[in-house]
Amino acid sequence: MARLRESPEVKRLTDHFRAHVAKAQTAADLVSDRRLLEVALGAFGLKADLNARAFVQKVLEGGTLRPDSLANRLADKRYAALALEFGYGDLGARTGLPGFAERIIARYERQVFQEAVGERDGAMRLALNLAPALADLAERTGNANAQWYSVIASAPLREVFQTAFGFPASFATIDLDRQLAGYKARAAAMGAKAPTDFADPALQDRLLRLYFLRSGAQQAATSPVLALLRQGG
């Protein structure tokens, strides 16, 4: 992570973001600055949409307060997390708030790190994504059933929970209510009710051990690795 932060490309982008994001008071301001937008989208794993500026602007301007906003209607909930964090379509830009730039930069650096790790080990990439994804989930909704449905709709989260809980790949194709019941039953057996309960270090340890073992990555299911994941989350 230290080497990544000091790499020329990452440092160029993060230095620019730190210096200029507070000036981006509208969604149009943000999308018009390619370097700002690259960090913003990259922080949420959405870098592939860097050239879809009109679409991103519409998502940001719609916010998340209205149930029918574009961000809330999209199946990929990373857009809702992005819109909520930047706040443009809700109560106004949050870009000038204390700590905002550093929070997004930390998230961006972590995402870049996950992608680099994922090139070598897909299971580790998904595990590194777990803690920030659960934090996003907790911020968006407090209802346990709604959280489980968000897990089902999120490919990275679904892969971790489905694998850790011992469900076959075909489990994702059955009726949603049956999937919900299955997730809740397996979680209850581990002492949890909602996905965000797995933010607890002990529960997260157990979940990740099961995920690594059942995904065939036994070599990663060791205490040092799990401790690193907790520190990173």
# chains A, B, ... in the order shown; residues from 1 in each chain; ligands from 1
$ closest_atom_pairs --of "stretch 97-216 of chain A" --to "stretch 17-41 of chain A" --cutoff "10 Å" --atoms "only C-alpha atoms" --output "JSON lines"
{"residue": "A:Leu97", "atom": "CA", "partner": "A:Ala22", "partner_atom": "CA", "distance": 7.8}
{"residue": "A:Pro98", "atom": "CA", "partner": "A:Ala22", "partner_atom": "CA", "distance": 9.7}
{"residue": "A:Phe100", "atom": "CA", "partner": "A:Ala22", "partner_atom": "CA", "distance": 8.7}
{"residue": "A:Ala101", "atom": "CA", "partner": "A:Arg18", "partner_atom": "CA", "distance": 5.5}
{"residue": "A:Glu102", "atom": "CA", "partner": "A:Arg18", "partner_atom": "CA", "distance": 7.2}
{"residue": "A:Ile104", "atom": "CA", "partner": "A:Ala40", "partner_atom": "CA", "distance": 7.0}
{"residue": "A:Ile105", "atom": "CA", "partner": "A:Val39", "partner_atom": "CA", "distance": 7.2}
{"residue": "A:Arg107", "atom": "CA", "partner": "A:Val39", "partner_atom": "CA", "distance": 9.1}
{"residue": "A:Tyr108", "atom": "CA", "partner": "A:Val39", "partner_atom": "CA", "distance": 6.1}
{"residue": "A:Glu109", "atom": "CA", "partner": "A:Val39", "partner_atom": "CA", "distance": 8.9}
{"residue": "A:Val112", "atom": "CA", "partner": "A:Val39", "partner_atom": "CA", "distance": 9.9}
$ closest_residue --among "A:Gly191, A:Leu50, A:Phe113, A:Arg178" --to "A:Ser7" --atoms "only C-alpha atoms"
A:Phe113
$ closest_residue --among "A:Tyr88, A:Phe167, A:Phe44, A:Tyr149" --to "A:Tyr211" --atoms "only C-alpha atoms"
A:Phe167
$ select_by_dssp --residues "stretch 36-129 of chain A" --states "alpha helix (DSSP H)" --output "number ranges by chain"
A: 36-43, 53-62, 70-73, 78-86, 100-118, 122-129
